[in-house]
Structure formats: C-alpha cells, structure tokens
file protein_24.cif (mmCIF, C-alpha atoms and all ligand atoms)
data_run
#
loop_
_atom_site.label_atom_id
_atom_site.label_comp_id
_atom_site.auth_asym_id
_atom_site.auth_seq_id
_atom_site.Cartn_x
_atom_site.Cartn_y
_atom_site.Cartn_z
CA MET R 1 -40.34 -21.72 42.40
CA ALA R 2 -43.66 -20.92 44.02
CA GLU R 3 -45.83 -23.57 45.64
CA VAL R 4 -49.49 -23.88 46.55
CA ARG R 5 -49.84 -23.00 50.24
CA ALA R 6 -53.52 -23.77 50.91
CA ARG R 7 -56.33 -24.98 48.69
CA VAL R 8 -59.91 -24.98 49.91
CA HIS R 9 -63.43 -25.43 48.48
CA LEU R 10 -65.95 -22.59 48.34
CA ASN R 11 -68.89 -21.53 46.19
CA VAL R 12 -68.65 -18.28 44.23
CA GLY R 13 -70.57 -16.20 41.67
CA LYS R 14 -73.51 -13.82 41.93
CA LYS R 15 -75.64 -16.43 43.72
CA SER R 16 -72.81 -18.17 45.60
CA ASP R 17 -73.72 -21.39 43.83
CA ILE R 18 -70.72 -22.08 41.58
CA PRO R 19 -68.33 -24.61 43.11
CA ALA R 20 -64.66 -23.68 43.05
CA GLU R 21 -61.48 -23.96 45.05
CA ILE R 22 -59.35 -21.01 46.13
CA ALA R 23 -55.58 -21.40 46.36
CA SER R 24 -52.95 -19.29 48.09
CA PHE R 25 -49.23 -19.52 47.33
CA SER R 26 -45.82 -19.34 48.92
CA GLY R 27 -42.74 -18.11 47.08
CA LEU R 28 -44.35 -15.31 45.04
CA LYS R 29 -42.03 -12.40 44.34
CA ASP R 30 -43.92 -9.12 44.60
CA GLY R 31 -45.23 -9.45 48.15
CA GLN R 32 -48.91 -9.30 47.16
CA GLU R 33 -51.52 -11.89 48.20
CA HIS R 34 -52.50 -13.14 44.73
CA VAL R 35 -54.98 -16.03 44.65
CA ALA R 36 -56.23 -18.56 42.11
CA LEU R 37 -59.84 -19.71 41.76
CA ILE R 38 -59.93 -23.21 40.30
CA PHE R 39 -63.12 -24.48 38.63
CA ASN R 40 -63.79 -28.18 37.92
CA GLN R 41 -60.20 -29.13 38.88
CA ALA R 42 -59.12 -27.54 35.63
CA ASP R 43 -55.48 -27.65 36.67
CA GLU R 44 -55.69 -31.33 35.72
CA GLN R 45 -56.84 -30.50 32.15
CA GLN R 46 -54.18 -30.48 29.45
CA THR R 47 -55.04 -26.97 28.22
CA PRO R 48 -57.23 -25.20 30.76
CA LEU R 49 -58.99 -21.87 30.26
CA ILE R 50 -57.09 -19.20 32.19
CA ARG R 51 -57.93 -15.61 33.08
CA MET R 52 -55.38 -13.26 34.61
CA HIS R 53 -57.64 -10.66 36.20
CA SER R 54 -56.07 -7.54 37.67
CA GLU R 55 -57.79 -6.25 40.79
CA CYS R 56 -60.24 -3.38 40.39
CA LEU R 57 -61.96 -2.54 43.66
CA THR R 58 -64.29 -0.02 42.06
CA GLY R 59 -65.32 -2.36 39.23
CA ASP R 60 -65.12 -5.82 40.81
CA VAL R 61 -66.79 -4.93 44.12
CA PHE R 62 -68.89 -1.83 43.39
CA HIS R 63 -69.60 -2.42 39.65
CA SER R 64 -68.50 1.12 38.86
CA SER R 65 -69.70 2.75 35.65
CA ARG R 66 -66.13 3.77 34.75
CA CYS R 67 -64.88 0.36 33.60
CA ASP R 68 -65.98 -3.16 32.69
CA CYS R 69 -63.89 -5.15 35.19
CA GLY R 70 -66.75 -6.50 37.32
CA GLU R 71 -68.63 -7.71 34.24
CA GLN R 72 -65.49 -9.40 32.88
CA LEU R 73 -64.99 -11.08 36.24
CA ASN R 74 -68.55 -12.45 36.27
CA GLU R 75 -68.27 -13.52 32.64
CA SER R 76 -65.07 -15.44 33.44
CA ILE R 77 -66.59 -17.16 36.45
CA GLU R 78 -69.66 -18.22 34.46
CA LEU R 79 -67.64 -19.55 31.51
CA MET R 80 -65.29 -21.42 33.85
CA HIS R 81 -68.29 -22.95 35.59
CA GLU R 82 -69.26 -24.43 32.19
CA GLN R 83 -65.90 -25.60 30.93
CA GLY R 84 -63.54 -25.47 33.89
CA GLY R 85 -60.78 -22.94 34.25
CA VAL R 86 -58.36 -21.13 36.53
CA LEU R 87 -58.88 -17.48 37.37
CA LEU R 88 -55.77 -15.76 38.71
CA TYR R 89 -56.94 -12.79 40.77
CA LEU R 90 -53.91 -10.51 40.74
CA ARG R 91 -53.58 -7.70 43.27
CA GLN R 92 -52.54 -5.13 40.68
CA GLU R 93 -55.07 -2.39 41.35
CA GLY R 94 -55.12 0.40 38.78
CA ARG R 95 -52.83 -1.45 36.33
CA GLY R 96 -50.27 -1.51 39.13
CA ILE R 97 -50.42 2.10 40.41
CA GLY R 98 -52.68 1.35 43.38
CA LEU R 99 -56.17 2.47 44.34
CA TYR R 100 -55.47 6.01 45.55
CA ASN R 101 -53.41 6.81 42.45
CA LYS R 102 -56.18 5.36 40.26
CA LEU R 103 -58.67 7.68 41.96
CA ASP R 104 -56.32 10.59 41.27
CA ALA R 105 -56.27 9.43 37.64
CA TYR R 106 -60.08 9.40 37.63
CA VAL R 107 -60.05 13.05 38.75
CA LEU R 108 -57.84 13.89 35.76
CA GLN R 109 -60.10 11.83 33.46
CA SER R 110 -63.09 13.83 34.67
CA GLN R 111 -61.13 16.90 33.53
CA GLY R 112 -60.72 15.47 30.01
CA MET R 113 -57.59 13.27 29.96
CA ASN R 114 -57.80 9.71 28.73
CA THR R 115 -56.82 6.75 30.92
CA TYR R 116 -53.18 6.64 29.70
CA GLU R 117 -52.66 10.42 29.68
CA ALA R 118 -53.89 10.54 33.27
CA ASN R 119 -51.37 7.86 34.32
CA ASN R 120 -48.57 9.72 32.53
CA HIS R 121 -49.57 13.06 34.10
CA LEU R 122 -49.19 11.44 37.53
CA GLY R 123 -45.68 10.26 36.61
CA PHE R 124 -46.52 6.62 35.84
CA ALA R 125 -46.12 4.59 32.68
CA ASP R 126 -49.27 3.51 30.84
CA ASP R 127 -49.22 0.13 32.54
CA LEU R 128 -47.00 -0.90 35.48
CA ARG R 129 -48.11 -4.52 35.65
CA ASP R 130 -45.64 -7.38 35.74
CA PHE R 131 -47.11 -10.84 35.20
CA SER R 132 -44.17 -12.90 36.49
CA ASP R 133 -46.05 -13.93 39.65
CA ALA R 134 -48.93 -15.11 37.45
CA VAL R 135 -46.46 -17.34 35.60
CA LEU R 136 -45.16 -18.68 38.94
CA MET R 137 -48.74 -19.43 40.04
CA LEU R 138 -49.47 -21.36 36.83
CA LYS R 139 -46.26 -23.35 37.21
CA ALA R 140 -47.07 -24.07 40.88
CA LEU R 141 -50.38 -25.54 39.67
CA GLY R 142 -48.57 -27.66 37.08
CA ILE R 143 -50.02 -25.71 34.12
CA SER R 144 -47.77 -25.19 31.10
CA GLN R 145 -50.24 -24.66 28.27
CA VAL R 146 -53.40 -22.56 28.33
CA LYS R 147 -56.35 -21.03 26.55
CA LEU R 148 -56.15 -17.40 27.65
CA MET R 149 -59.21 -15.26 28.25
CA THR R 150 -58.22 -11.70 27.42
CA ASN R 151 -58.27 -8.88 24.87
CA ASN R 152 -54.87 -7.57 25.96
CA PRO R 153 -51.88 -8.60 23.81
CA LYS R 154 -49.44 -7.79 26.64
CA LYS R 155 -50.84 -10.64 28.69
CA LEU R 156 -50.18 -13.05 25.81
CA ASP R 157 -46.59 -11.87 25.51
CA ALA R 158 -46.06 -12.14 29.28
CA LEU R 159 -46.95 -15.84 29.19
CA ARG R 160 -45.31 -16.71 25.88
CA ASN R 161 -42.03 -15.09 26.91
CA ASN R 162 -41.97 -17.05 30.15
CA GLY R 163 -42.47 -20.63 29.13
CA ILE R 164 -46.27 -20.90 29.09
CA GLU R 165 -47.71 -21.98 25.76
CA VAL R 166 -50.84 -20.06 24.74
CA LYS R 167 -52.80 -22.45 22.51
CA ALA R 168 -55.83 -20.20 22.02
CA VAL R 169 -57.15 -16.78 22.97
CA VAL R 170 -60.74 -16.27 24.10
CA GLY R 171 -61.90 -12.64 23.96
CA THR R 172 -64.15 -11.21 26.63
CA HIS R 173 -67.20 -9.12 25.92
CA ALA R 174 -67.17 -5.52 27.02
CA HIS R 175 -70.17 -3.75 28.39
CA ILE R 176 -70.80 -0.14 27.50
CA LYS R 177 -72.08 2.06 30.28
CA VAL R 178 -73.24 5.36 28.88
CA GLY R 179 -73.21 8.78 30.52
CA GLN R 180 -70.70 11.23 31.89
CA THR R 181 -68.98 8.69 34.13
CA GLY R 182 -69.49 5.84 31.66
CA ASN R 183 -66.82 3.54 30.26
CA GLN R 184 -67.20 4.06 26.49
CA ALA R 185 -64.20 6.38 26.08
CA TYR R 186 -62.14 4.12 28.38
CA LEU R 187 -62.84 1.08 26.17
CA GLU R 188 -62.24 2.98 22.93
CA THR R 189 -58.92 4.32 24.26
CA LYS R 190 -57.79 0.80 25.18
CA ILE R 191 -58.52 -0.32 21.61
CA ALA R 192 -56.89 2.70 19.95
CA HIS R 193 -53.83 3.17 22.17
CA GLY R 194 -53.48 -0.04 24.14
CA ALA R 195 -53.87 -2.38 21.11
CA HIS R 196 -56.65 -4.27 22.86
CA MET R 197 -58.25 -6.83 20.60
CA LEU R 198 -61.69 -5.84 21.70
CA ASP R 199 -64.21 -6.25 18.91
CA ILE R 200 -66.34 -3.12 19.03
CA LYS R 201 -69.22 -5.20 17.67
CA LYS R 202 -68.94 -7.38 20.75
CA ILE R 203 -69.52 -4.37 22.97
CA LYS R 204 -72.89 -4.78 24.60
CA LYS R 205 -75.02 -2.18 26.27
CA SER R 206 -75.65 -3.40 29.80
N1 LIG J 1 -54.57 3.44 36.09
C1 LIG J 1 -55.81 3.09 35.76
N2 LIG J 1 -56.19 1.82 35.96
C2 LIG J 1 -57.44 1.48 35.59
C3 LIG J 1 -58.36 2.41 35.05
N3 LIG J 1 -59.52 1.76 34.83
C4 LIG J 1 -59.33 0.46 35.20
N4 LIG J 1 -58.08 0.31 35.67
C5 LIG J 1 -57.39 -0.91 36.11
O1 LIG J 1 -57.11 -1.66 34.95
C6 LIG J 1 -57.00 -3.04 35.30
C7 LIG J 1 -57.84 -3.84 34.31
O2 LIG J 1 -57.48 -5.14 34.46
P1 LIG J 1 -57.83 -6.35 33.49
O3 LIG J 1 -59.28 -6.32 33.16
O4 LIG J 1 -57.23 -7.58 34.11
O5 LIG J 1 -56.94 -6.10 32.24
P2 LIG J 1 -56.97 -5.49 30.84
O6 LIG J 1 -55.62 -4.94 30.63
O7 LIG J 1 -58.14 -4.59 30.64
O8 LIG J 1 -57.10 -6.76 29.87
P3 LIG J 1 -58.26 -7.79 29.61
O9 LIG J 1 -59.43 -7.43 30.49
O10 LIG J 1 -57.65 -9.11 29.95
O11 LIG J 1 -58.56 -7.69 28.16
C8 LIG J 1 -57.45 -3.15 36.75
O12 LIG J 1 -56.29 -3.25 37.57
C9 LIG J 1 -58.17 -1.83 37.00
O13 LIG J 1 -58.08 -1.40 38.34
C10 LIG J 1 -57.93 3.75 34.87
O14 LIG J 1 -58.64 4.60 34.37
N5 LIG J 1 -56.65 4.04 35.26
ZN ZN J 2 -62.14 -1.64 36.54
#
call {"tool": "encode", "arguments": {"input": "protein_24.cif", "output": "structure tokens", "more": "lines below"}}
Ligand SMILES: Nc1nc2c(ncn2[C@@H]2O[C@H](COP(=O)(O)OP(=O)(O)OP(=O)(O)O)[C@@H](O)[C@H]2O)c(=O)[nH]1
Ligand SMILES: [Zn+2]
result
Amino acid sequence: MAEVRARVHLNVGKKSDIPAEIASFSGLKDGQEHVALIFNQADEQQTPLIRMHSECLTGDVFHSSRCDCGEQLNESIELMHEQGGVLLYLRQEGRGIGLYNKLDAYVLQSQGMNTYEANNHLGFADDLRDFSDAVLMLKALGISQVKLMTNNPKKLDALRNNGIEVKAVVGTHAHIKVGQTGNQAYLETKIAHGAHMLDIKKIKKS
C-alpha cells in the first residue's frame, strides 16, 4: 500500500493562476518520484476525471514539434480546472526507455524509422511502461472509480485489470505540427500500430 507523503497548495497552468494541490507518495514500487496534481479536491468526488501523463521533457517543458505531450498536458490542466480532476505525472520518460534513449530513437526517426521501429532497433519493446504505481497512487488517494482522459487503450486495461473501475473515457485532442520534425507521422503511427483511439478529425493544426 502506498500513502500520501505530503500534500501542498500551488497554482499551475500557463499563467500560474489555476489552483491545485501537489501530492508526493511513500510506498511506490519503481523508485521514481511520481506526483499527483489534484484540482478542486477531486479525490473527494465519486468518479473524478483522471489523467495518467507520462513524462516527456522535450514536449512538456520545451513544447517540441515532435510530439503533442505538452499540449495534452495543458489541455488536461485546463479541463481539470473546470471540472476537477487528478493528474498523475508519471516519471516514465520516452514510454519508459528514458530521455537519452528517446533521443537516440529520435535520431533513428530522422533517418526514416517510425516511433516503434526506432524503439525496437535500440533493443526495447514498443512500450516499457508499467502503470502499477499509478494504481497505487489512486488507491492512496481513496479513488476506486474514474473517468479516464486518454486515447491509449493500454492505460484503460492497466486500471481495469488492477481494481480501478473506468466509468468513462475522455479523449484528448491532438495537435498537428507540420514540417520535417513535425508530429504528424508520430500521431498516425500511434493510431495505426498502437491502437490509439485518436479521432483524426479531432486533430487540430496548432
Ligand atoms: N520511445 C519514445 N517515446 C516517445 C516518443 N515520443 C514521445 N514519447 C514518449 O511517449 C510518452 C507519451 O505519454 P502519454 O501522452 O502519457 O501517453 P500516450 O501513450 O500517448 O497516451 P495518451 O496521451 O494518454 O493517449 C511520453 O513518455 C513521451 O516521452 C518517441 O518517439 N519514442
Ligand atoms: Zn512528447
């Protein structure tokens, strides 16, 4: 069993004006410092909106053209500001392979491989993520049923197979960034080979 270690108020978002709390945990299994952002005390709602967001330094911090992670993060924060929610920020950079390996994968993608082929070429599976710490974090917050914000069916399975009831799924928009280092091929590959439920019509040019 994991437990909440510290829980403290802060404002977040592009303008630092969205009230939230950040929580740290004890008893997590993989040794990473995962955190939860809690909006409007949503852990007290019966079925809060949840996002399990895997870390992406290049996208979340630098708003890289190669992916849509930073935009998804902002979208989650803004929606949770409106309706409450819990954002689990999971330290699973590069779908679990780490930042330097992800940059090696980007080199291979610049040479023509897709995102999964590049992982495989480096000796990794398509996706190394394990969401059991996310489940422990939800349980530590007393959350057993959720509305999940994702397009990734693996995240649904990870919760459903571990005692968290997923009552509804809320898709995120994706934002196309055109050009040689853009994210269009990355998003299309996730739909075609990763079974992502991303509605191509929901893709917006940003
Ligand atoms: N290995 C690898 N990881 C990538 C690449 N592009 C982005 N990532 C990582 O992919 C992860 C994306 O995380 P999420 O946005 O939470 O997950 P998702 O599987 O896309 O699912 P949803 O956004 O919930 O639909 C982050 O850890 C990024 O660092 C890539 O080309 N190669
Ligand atoms: Zn990213």
call {"tool": "closest_atom_pairs", "arguments": {"input": "protein_24.cif", "of": "chain R", "to": "ligand LIG 1 (chain J)", "cutoff": "7 Å", "atoms": "all atoms listed in the file", "output": "Markdown table"}}
result
| residue | atom | partner | partner_atom | distance |
| --- | --- | --- | --- | --- |
| R:Met52 | CA | J:LIG1 | O4 | 6.0 |
| R:His53 | CA | J:LIG1 | O4 | 3.7 |
| R:Ser54 | CA | J:LIG1 | O4 | 3.7 |
| R:Glu55 | CA | J:LIG1 | O12 | 4.6 |
| R:Cys56 | CA | J:LIG1 | O13 | 3.6 |
| R:Leu57 | CA | J:LIG1 | O13 | 6.7 |
| R:Arg66 | CA | J:LIG1 | N3 | 6.9 |
| R:Cys67 | CA | J:LIG1 | N3 | 5.7 |
| R:Cys69 | CA | J:LIG1 | O3 | 5.2 |
| R:Gln72 | CA | J:LIG1 | O9 | 6.8 |
| R:Gln92 | CA | J:LIG1 | O12 | 5.2 |
| R:Glu93 | CA | J:LIG1 | O12 | 4.1 |
| R:Gly94 | CA | J:LIG1 | N2 | 3.3 |
| R:Arg95 | CA | J:LIG1 | O12 | 4.1 |
| R:Gly96 | CA | J:LIG1 | O12 | 6.5 |
| R:Ile97 | CA | J:LIG1 | N1 | 6.1 |
| R:Lys102 | CA | J:LIG1 | N1 | 4.9 |
| R:Ala105 | CA | J:LIG1 | N5 | 5.9 |
| R:Tyr106 | CA | J:LIG1 | O14 | 6.0 |
| R:Thr115 | CA | J:LIG1 | O14 | 4.5 |
| R:Asn119 | CA | J:LIG1 | N1 | 5.7 |
| R:Met149 | CA | J:LIG1 | O10 | 6.6 |
| R:Thr150 | CA | J:LIG1 | O10 | 3.7 |
| R:Asn151 | CA | J:LIG1 | O11 | 3.5 |
| R:Asn152 | CA | J:LIG1 | O11 | 4.3 |
| R:Thr172 | CA | J:LIG1 | O11 | 6.8 |
| R:Tyr186 | CA | J:LIG1 | O14 | 7.0 |
| R:His196 | CA | J:LIG1 | O11 | 6.6 |
call {"tool": "closest_residue", "arguments": {"input": "protein_24.cif", "among": "R:Pro153, R:Gly13, R:Gly27, R:Gly70", "to": "ligand ZN 2 (chain J)", "atoms": "only C-alpha atoms and all ligand atoms"}}
result
R:Gly70
call {"tool": "atom_distance", "arguments": {"input": "protein_24.cif", "atom1": "CA of Gly85 in chain R", "atom2": "CA of Leu148 in chain R"}}
result
9.8 Å
call {"tool": "residues_around", "arguments": {"input": "protein_24.cif", "residues": "Ala158 in chain R", "least_positions_apart": "2", "cutoff": "9 Å", "atoms": "all atoms listed in the file", "output": "count of residues only"}}
result
12
call {"tool": "closest_residue", "arguments": {"input": "protein_24.cif", "among": "R:Asn74, R:Ser64, R:Ser110, R:Gln145", "to": "ligand ZN 2 (chain J)", "atoms": "all atoms listed in the file"}}
result
R:Ser64
call {"tool": "closest_residue", "arguments": {"input": "protein_24.cif", "among": "R:Gln32, R:Asn120, R:Asn11, R:Gln83", "to": "Ala134 in chain R", "atoms": "all atoms listed in the file"}}
result
R:Gln32
call {"tool": "closest_residue", "arguments": {"input": "protein_24.cif", "among": "R:Val61, R:Leu88, R:Val169, R:Leu159", "to": "Ala36 in chain R", "atoms": "only C-alpha atoms"}}
result
R:Leu88
call {"tool": "residues_near_point", "arguments": {"input": "protein_24.cif", "point": "(-56.6, -21.2, 54.8)", "cutoff": "10 Å", "atoms": "all atoms listed in the file", "output": "MDAnalysis selection string"}}
result
chainID R and resid 5:8 22:24
call {"tool": "closest_residue", "arguments": {"input": "protein_24.cif", "among": "R:Gly84, R:Thr58, R:Leu138, R:His63", "to": "Leu103 in chain R", "atoms": "all atoms listed in the file"}}
result
R:Thr58
call {"tool": "axis_aligned_box", "arguments": {"input": "protein_24.cif", "around": "range 55-72 of chain R", "padding_each_side": "8 Å", "output": "JSON"}}
result
{"center_x": -63.7, "center_y": -2.8, "center_z": 38.4, "size_x": 27.9, "size_y": 29.2, "size_z": 27.4}
call {"tool": "residues_around", "arguments": {"input": "protein_24.cif", "residues": "Ala140 in chain R", "least_positions_apart": "2", "cutoff": "6 Å", "atoms": "all atoms listed in the file", "output": "number ranges by chain"}}
result
R: 2-3, 137-138, 142
call {"tool": "atom_distance", "arguments": {"input": "protein_24.cif", "atom1": "CA of Glu165 in chain R", "atom2": "CA of Glu21 in chain R"}}
result
23.8 Å
call {"tool": "atom_distance", "arguments": {"input": "protein_24.cif", "atom1": "CA of Asn101 in chain R", "atom2": "CA of Leu122 in chain R"}}
result
8.0 Å
call {"tool": "closest_residue", "arguments": {"input": "protein_24.cif", "among": "R:His121, R:His9, R:Lys139, R:His34", "to": "Leu87 in chain R", "atoms": "only C-alpha atoms"}}
result
R:His34
call {"tool": "residues_around", "arguments": {"input": "protein_24.cif", "residues": "Val146 in chain R", "least_positions_apart": "4", "cutoff": "9 Å", "atoms": "all atoms listed in the file", "output": "list of chain:residue names"}}
result
R:Gln46, R:Thr47, R:Pro48, R:Leu49, R:Ile50, R:Ile164, R:Glu165, R:Val166, R:Lys167, R:Ala168, R:Val169
call {"tool": "decode", "arguments": {"input": "protein_24.cif", "residues": "range 85-97 of chain R", "atoms": "N, CA and C atoms", "output": "PDB file, in the first residue's frame"}}
result
ATOM      1  N   GLY R  85     -10.256  17.253 -11.055  1.00  0.00           N
ATOM      2  CA  GLY R  85      -9.578  16.092 -11.620  1.00  0.00           C
ATOM      3  C   GLY R  85      -8.264  15.829 -10.903  1.00  0.00           C
ATOM      4  N   VAL R  86      -7.672  14.702 -11.230  1.00  0.00           N
ATOM      5  CA  VAL R  86      -6.374  14.331 -10.657  1.00  0.00           C
ATOM      6  C   VAL R  86      -5.455  13.947 -11.794  1.00  0.00           C
ATOM      7  N   LEU R  87      -4.349  14.662 -11.920  1.00  0.00           N
ATOM      8  CA  LEU R  87      -3.376  14.401 -12.970  1.00  0.00           C
ATOM      9  C   LEU R  87      -2.187  13.678 -12.339  1.00  0.00           C
ATOM     10  N   LEU R  88      -1.979  12.440 -12.739  1.00  0.00           N
ATOM     11  CA  LEU R  88      -0.824  11.697 -12.244  1.00  0.00           C
ATOM     12  C   LEU R  88       0.324  11.967 -13.210  1.00  0.00           C
ATOM     13  N   TYR R  89       1.366  12.629 -12.722  1.00  0.00           N
ATOM     14  CA  TYR R  89       2.518  12.920 -13.591  1.00  0.00           C
ATOM     15  C   TYR R  89       3.561  11.837 -13.322  1.00  0.00           C
ATOM     16  N   LEU R  90       3.662  10.922 -14.290  1.00  0.00           N
ATOM     17  CA  LEU R  90       4.443   9.697 -14.103  1.00  0.00           C
ATOM     18  C   LEU R  90       5.810   9.841 -14.767  1.00  0.00           C
ATOM     19  N   ARG R  91       6.850   9.525 -14.030  1.00  0.00           N
ATOM     20  CA  ARG R  91       8.218   9.738 -14.499  1.00  0.00           C
ATOM     21  C   ARG R  91       8.635   8.565 -15.372  1.00  0.00           C
ATOM     22  N   GLN R  92       7.995   8.500 -16.537  1.00  0.00           N
ATOM     23  CA  GLN R  92       8.203   7.381 -17.473  1.00  0.00           C
ATOM     24  C   GLN R  92       8.643   7.945 -18.806  1.00  0.00           C
ATOM     25  N   GLU R  93       9.685   8.734 -18.778  1.00  0.00           N
ATOM     26  CA  GLU R  93      10.176   9.407 -19.985  1.00  0.00           C
ATOM     27  C   GLU R  93      10.368   8.410 -21.133  1.00  0.00           C
ATOM     28  N   GLY R  94       9.950   8.845 -22.320  1.00  0.00           N
ATOM     29  CA  GLY R  94      10.185   8.017 -23.514  1.00  0.00           C
ATOM     30  C   GLY R  94       9.454   6.677 -23.483  1.00  0.00           C
ATOM     31  N   ARG R  95       8.223   6.672 -22.978  1.00  0.00           N
ATOM     32  CA  ARG R  95       7.476   5.413 -22.775  1.00  0.00           C
ATOM     33  C   ARG R  95       8.313   4.405 -21.985  1.00  0.00           C
ATOM     34  N   GLY R  96       9.098   4.934 -21.040  1.00  0.00           N
ATOM     35  CA  GLY R  96       9.825   4.067 -20.116  1.00  0.00           C
ATOM     36  C   GLY R  96      11.275   3.790 -20.486  1.00  0.00           C
ATOM     37  N   ILE R  97      11.766   4.272 -21.644  1.00  0.00           N
ATOM     38  CA  ILE R  97      13.163   3.956 -22.003  1.00  0.00           C
ATOM     39  C   ILE R  97      14.136   5.026 -21.524  1.00  0.00           C
TER      40      ILE R  97
END
